[in-house]
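Participant: First the structure, then my questions, so here it is.
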Amino acid sequence: MRNLRPLLNRYVELQIADAKQPVRGWLTDLGQDILVVCTGANYVYVPLVHVRRLKLLNASPPPSGLPEAPYENMNDGISYRKILMNAKGMFSELYITGEQSVHGYVNSVMNDFFVFYSPVHHSVIVSLQHLKYLIPYPQGETPYALTPEQFPLKPSPLTYARSFDQQLQKLIGEFVILNLGEQASGIGVLKGIDQQVVELSDASGAPVFVHLNHIKTVHLP
């Protein structure tokens, strides 16, 4: 990471895995597995593993009017897990897969997945290795301009397993949606898991097999 430090407080462009448009802004912070870019309007937290390319666009320092960072200063450095823990209960935008972002808030953080509550998808189980970026909402804003009564912050009533594969084991027999339903073959009844291969029964009743590494999210309809 030392080779990126000269780019701190410089205007950069990030090409992020699966994202059609690059992110441009000032590189304001970085940790061993995450970096932070301020676009001028908001802060984008990007796990380093999904940064396909980073290049300097302008060496000028950031303007004095940048918004305040949404998380408290972490004296011992930032990390992906620390950011997720700080994001609990804060309205945020996530980009994971497909054409659209997901809006809501982080509810629980486990060993290798976290639970994100969305007004559209409700409780979404997200594999840590597949989150492309997180953007905290500005203070006082809510997804879709919902009122606190329409979309209240509340702790999850469910108990979760410690790992992503164990959580999927708990969902055997349930009707599930994989990867936010980006493909019809990822919607069906979860029949079982063997050697990290997940079996679904699709709409026609035919078996569909998906390796665990390709499952980015799972949620119940």
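A note on labels: chains of the structure tokens are A, B, ... as shown, every chain counts residues from 1, and ligands are counted from 1 in their shown order.
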Tell me which protein, DNA and RNA residues are within 12 Å of range 178-194 of chain A, counting only C-alpha atoms, leaving out same-chain ones fewer than 5 positions away, and put them as an mmCIF file with N, CA and C atoms, in the first residue's frame.
Facilitator:
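Produced file result.cif, reproduced below:
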data_model
loop_
_atom_site.group_PDB
_atom_site.id
_atom_site.type_symbol
_atom_site.label_atom_id
_atom_site.label_comp_id
_atom_site.auth_asym_id
_atom_site.auth_seq_id
_atom_site.Cartn_x
_atom_site.Cartn_y
_atom_site.Cartn_z
ATOM 1 N N TYR A 95 -23.208 -1.249 -3.978
ATOM 2 C CA TYR A 95 -23.192 -1.841 -5.315
ATOM 3 C C TYR A 95 -22.553 -3.217 -5.204
ATOM 4 N N ILE A 96 -23.323 -4.223 -5.661
ATOM 5 C CA ILE A 96 -22.872 -5.604 -5.542
ATOM 6 C C ILE A 96 -22.820 -6.274 -6.911
ATOM 7 N N THR A 97 -23.932 -6.175 -7.644
ATOM 8 C CA THR A 97 -24.037 -6.883 -8.908
ATOM 9 C C THR A 97 -25.155 -6.281 -9.742
ATOM 10 N N GLY A 98 -25.140 -6.590 -11.035
ATOM 11 C CA GLY A 98 -26.248 -6.180 -11.892
ATOM 12 C C GLY A 98 -26.226 -4.708 -12.251
ATOM 13 N N GLU A 99 -27.386 -4.198 -12.605
ATOM 14 C CA GLU A 99 -27.515 -2.840 -13.121
ATOM 15 C C GLU A 99 -27.785 -1.801 -12.042
ATOM 16 N N GLN A 100 -28.271 -2.229 -10.885
ATOM 17 C CA GLN A 100 -28.722 -1.264 -9.895
ATOM 18 C C GLN A 100 -28.011 -1.443 -8.558
ATOM 19 N N SER A 101 -27.940 -0.342 -7.826
ATOM 20 C CA SER A 101 -27.455 -0.386 -6.451
ATOM 21 C C SER A 101 -28.590 -0.803 -5.522
ATOM 22 N N VAL A 102 -28.236 -1.146 -4.292
ATOM 23 C CA VAL A 102 -29.209 -1.493 -3.266
ATOM 24 C C VAL A 102 -29.121 -0.437 -2.170
ATOM 25 N N SER A 118 -33.099 -3.722 3.143
ATOM 26 C CA SER A 118 -33.527 -2.847 2.060
ATOM 27 C C SER A 118 -35.043 -2.772 2.010
ATOM 28 N N VAL A 120 -36.717 -2.589 -0.583
ATOM 29 C CA VAL A 120 -37.118 -3.342 -1.777
ATOM 30 C C VAL A 120 -36.955 -4.843 -1.568
ATOM 31 N N HIS A 121 -35.775 -5.254 -1.100
ATOM 32 C CA HIS A 121 -35.452 -6.678 -1.008
ATOM 33 C C HIS A 121 -35.564 -7.235 0.412
ATOM 34 N N HIS A 122 -35.784 -6.382 1.390
ATOM 35 C CA HIS A 122 -35.807 -6.744 2.807
ATOM 36 C C HIS A 122 -34.428 -7.263 3.228
ATOM 37 N N SER A 123 -34.325 -8.329 3.996
ATOM 38 C CA SER A 123 -33.019 -8.757 4.510
ATOM 39 C C SER A 123 -32.235 -9.482 3.419
ATOM 40 N N VAL A 124 -31.101 -8.894 3.024
ATOM 41 C CA VAL A 124 -30.240 -9.469 1.987
ATOM 42 C C VAL A 124 -28.933 -9.912 2.634
ATOM 43 N N ILE A 125 -28.575 -11.167 2.445
ATOM 44 C CA ILE A 125 -27.320 -11.702 2.946
ATOM 45 C C ILE A 125 -26.261 -11.484 1.864
ATOM 46 N N VAL A 126 -25.220 -10.719 2.188
ATOM 47 C CA VAL A 126 -24.218 -10.301 1.202
ATOM 48 C C VAL A 126 -22.868 -10.919 1.553
ATOM 49 N N SER A 127 -22.293 -11.648 0.613
ATOM 50 C CA SER A 127 -20.949 -12.190 0.806
ATOM 51 C C SER A 127 -19.949 -11.045 0.847
ATOM 52 N N HIS A 130 -17.927 -9.971 -2.261
ATOM 53 C CA HIS A 130 -18.576 -9.476 -3.475
ATOM 54 C C HIS A 130 -19.092 -8.043 -3.378
ATOM 55 N N LEU A 131 -18.944 -7.373 -2.240
ATOM 56 C CA LEU A 131 -19.337 -5.963 -2.177
ATOM 57 C C LEU A 131 -18.330 -5.135 -2.964
ATOM 58 N N PHE A 164 -20.958 -17.750 5.687
ATOM 59 C CA PHE A 164 -21.895 -17.681 4.565
ATOM 60 C C PHE A 164 -22.427 -19.065 4.197
ATOM 61 N N ASP A 165 -21.549 -20.065 4.124
ATOM 62 C CA ASP A 165 -22.021 -21.398 3.749
ATOM 63 C C ASP A 165 -22.914 -22.002 4.825
ATOM 64 N N GLN A 166 -22.603 -21.739 6.099
ATOM 65 C CA GLN A 166 -23.472 -22.224 7.170
ATOM 66 C C GLN A 166 -24.845 -21.546 7.114
ATOM 67 N N GLN A 167 -24.855 -20.267 6.738
ATOM 68 C CA GLN A 167 -26.127 -19.568 6.620
ATOM 69 C C GLN A 167 -26.978 -20.165 5.497
ATOM 70 N N LEU A 168 -26.339 -20.519 4.386
ATOM 71 C CA LEU A 168 -27.080 -21.159 3.301
ATOM 72 C C LEU A 168 -27.618 -22.520 3.732
ATOM 73 N N GLN A 169 -26.848 -23.238 4.546
ATOM 74 C CA GLN A 169 -27.337 -24.525 5.063
ATOM 75 C C GLN A 169 -28.651 -24.324 5.834
ATOM 76 N N LYS A 170 -28.745 -23.223 6.579
ATOM 77 C CA LYS A 170 -29.960 -22.947 7.349
ATOM 78 C C LYS A 170 -31.162 -22.647 6.449
ATOM 79 N N LEU A 171 -30.892 -22.299 5.175
ATOM 80 C CA LEU A 171 -31.964 -21.929 4.257
ATOM 81 C C LEU A 171 -32.401 -23.084 3.355
ATOM 82 N N ILE A 172 -31.837 -24.263 3.557
ATOM 83 C CA ILE A 172 -32.240 -25.411 2.738
ATOM 84 C C ILE A 172 -33.743 -25.654 2.922
ATOM 85 N N GLY A 173 -34.425 -25.822 1.802
ATOM 86 C CA GLY A 173 -35.873 -26.004 1.806
ATOM 87 C C GLY A 173 -36.646 -24.712 1.595
ATOM 88 N N GLU A 199 -27.363 -26.462 -4.852
ATOM 89 C CA GLU A 199 -28.381 -26.953 -5.773
ATOM 90 C C GLU A 199 -29.694 -26.228 -5.534
ATOM 91 N N LEU A 200 -30.253 -25.676 -6.621
ATOM 92 C CA LEU A 200 -31.584 -25.071 -6.597
ATOM 93 C C LEU A 200 -32.524 -25.883 -7.456
ATOM 94 N N SER A 201 -33.800 -25.774 -7.175
ATOM 95 C CA SER A 201 -34.835 -26.286 -8.066
ATOM 96 C C SER A 201 -35.501 -25.081 -8.696
ATOM 97 N N ASP A 202 -35.385 -24.938 -10.035
ATOM 98 C CA ASP A 202 -35.906 -23.735 -10.688
ATOM 99 C C ASP A 202 -37.410 -23.818 -10.930
ATOM 100 N N ALA A 203 -37.960 -22.835 -11.655
ATOM 101 C CA ALA A 203 -39.413 -22.744 -11.838
ATOM 102 C C ALA A 203 -40.007 -23.988 -12.500
ATOM 103 N N SER A 204 -39.213 -24.661 -13.347
ATOM 104 C CA SER A 204 -39.703 -25.867 -14.018
ATOM 105 C C SER A 204 -39.480 -27.122 -13.186
ATOM 106 N N GLY A 205 -38.814 -26.961 -12.043
ATOM 107 C CA GLY A 205 -38.497 -28.116 -11.208
ATOM 108 C C GLY A 205 -37.164 -28.754 -11.535
ATOM 109 N N ALA A 206 -36.457 -28.201 -12.541
ATOM 110 C CA ALA A 206 -35.162 -28.759 -12.932
ATOM 111 C C ALA A 206 -34.083 -28.323 -11.946
ATOM 112 N N PRO A 207 -33.101 -29.168 -11.702
ATOM 113 C CA PRO A 207 -32.006 -28.789 -10.793
ATOM 114 C C PRO A 207 -31.057 -27.791 -11.463
ATOM 115 N N VAL A 208 -30.609 -26.828 -10.684
ATOM 116 C CA VAL A 208 -29.617 -25.842 -11.126
ATOM 117 C C VAL A 208 -28.500 -25.845 -10.088
ATOM 118 N N PHE A 209 -27.251 -25.864 -10.545
ATOM 119 C CA PHE A 209 -26.108 -25.944 -9.637
ATOM 120 C C PHE A 209 -25.256 -24.679 -9.772
ATOM 121 N N VAL A 210 -24.896 -24.109 -8.629
ATOM 122 C CA VAL A 210 -24.104 -22.876 -8.598
ATOM 123 C C VAL A 210 -22.992 -23.043 -7.564
ATOM 124 N N HIS A 211 -21.766 -22.740 -7.952
ATOM 125 C CA HIS A 211 -20.675 -22.798 -6.976
ATOM 126 C C HIS A 211 -20.820 -21.649 -5.989
ATOM 127 N N LEU A 212 -20.473 -21.925 -4.743
ATOM 128 C CA LEU A 212 -20.628 -20.942 -3.676
ATOM 129 C C LEU A 212 -19.896 -19.630 -3.985
ATOM 130 N N ASN A 213 -18.755 -19.725 -4.673
ATOM 131 C CA ASN A 213 -17.970 -18.519 -4.974
ATOM 132 C C ASN A 213 -18.706 -17.552 -5.886
ATOM 133 N N HIS A 214 -19.707 -18.038 -6.614
ATOM 134 C CA HIS A 214 -20.448 -17.190 -7.548
ATOM 135 C C HIS A 214 -21.762 -16.677 -6.953
ATOM 136 N N ILE A 215 -22.003 -16.959 -5.687
ATOM 137 C CA ILE A 215 -23.202 -16.455 -5.020
ATOM 138 C C ILE A 215 -22.816 -15.187 -4.270
ATOM 139 N N LYS A 216 -23.316 -14.062 -4.756
ATOM 140 C CA LYS A 216 -22.966 -12.766 -4.172
ATOM 141 C C LYS A 216 -23.925 -12.389 -3.056
ATOM 142 N N THR A 217 -25.211 -12.657 -3.284
ATOM 143 C CA THR A 217 -26.235 -12.353 -2.279
ATOM 144 C C THR A 217 -27.284 -13.458 -2.292
ATOM 145 N N VAL A 218 -28.010 -13.543 -1.195
ATOM 146 C CA VAL A 218 -29.176 -14.433 -1.132
ATOM 147 C C VAL A 218 -30.204 -13.768 -0.235
ATOM 148 N N HIS A 219 -31.455 -13.814 -0.668
ATOM 149 C CA HIS A 219 -32.517 -13.305 0.181
ATOM 150 C C HIS A 219 -33.812 -14.065 -0.103
ATOM 151 N N LEU A 220 -34.716 -13.977 0.844
ATOM 152 C CA LEU A 220 -36.042 -14.585 0.705
ATOM 153 C C LEU A 220 -36.991 -13.552 0.107
ATOM 154 N N PRO A 221 -37.890 -13.944 -0.764
ATOM 155 C CA PRO A 221 -38.824 -12.977 -1.349
ATOM 156 C C PRO A 221 -39.834 -12.477 -0.319
#
Participant: Near range 1-18 of chain A, within 10 Å and counting only C-alpha atoms, which residues show up once chain neighbours fewer than 4 positions away are dropped, as a ChimeraX atom specification?
Facilitator: /A:22-33,35-39,46-63,95-99,130-133
Participant: Work out how far CA of Asn107 in chain A is from CA of Asn86 in chain A, in Å to one decimal.
Facilitator: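 If I compute the distance from CA of Asn86 in chain A to CA of Asn107 in chain A, I get 10.8 Å.
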Participant: Based on DSSP run over this structure's backbone, return all residues of range 151-204 of chain A in helix (DSSP H, G or I), as a VMD selection string.
Facilitator: chain A and resid 164 to 170 179 to 181 184 to 186
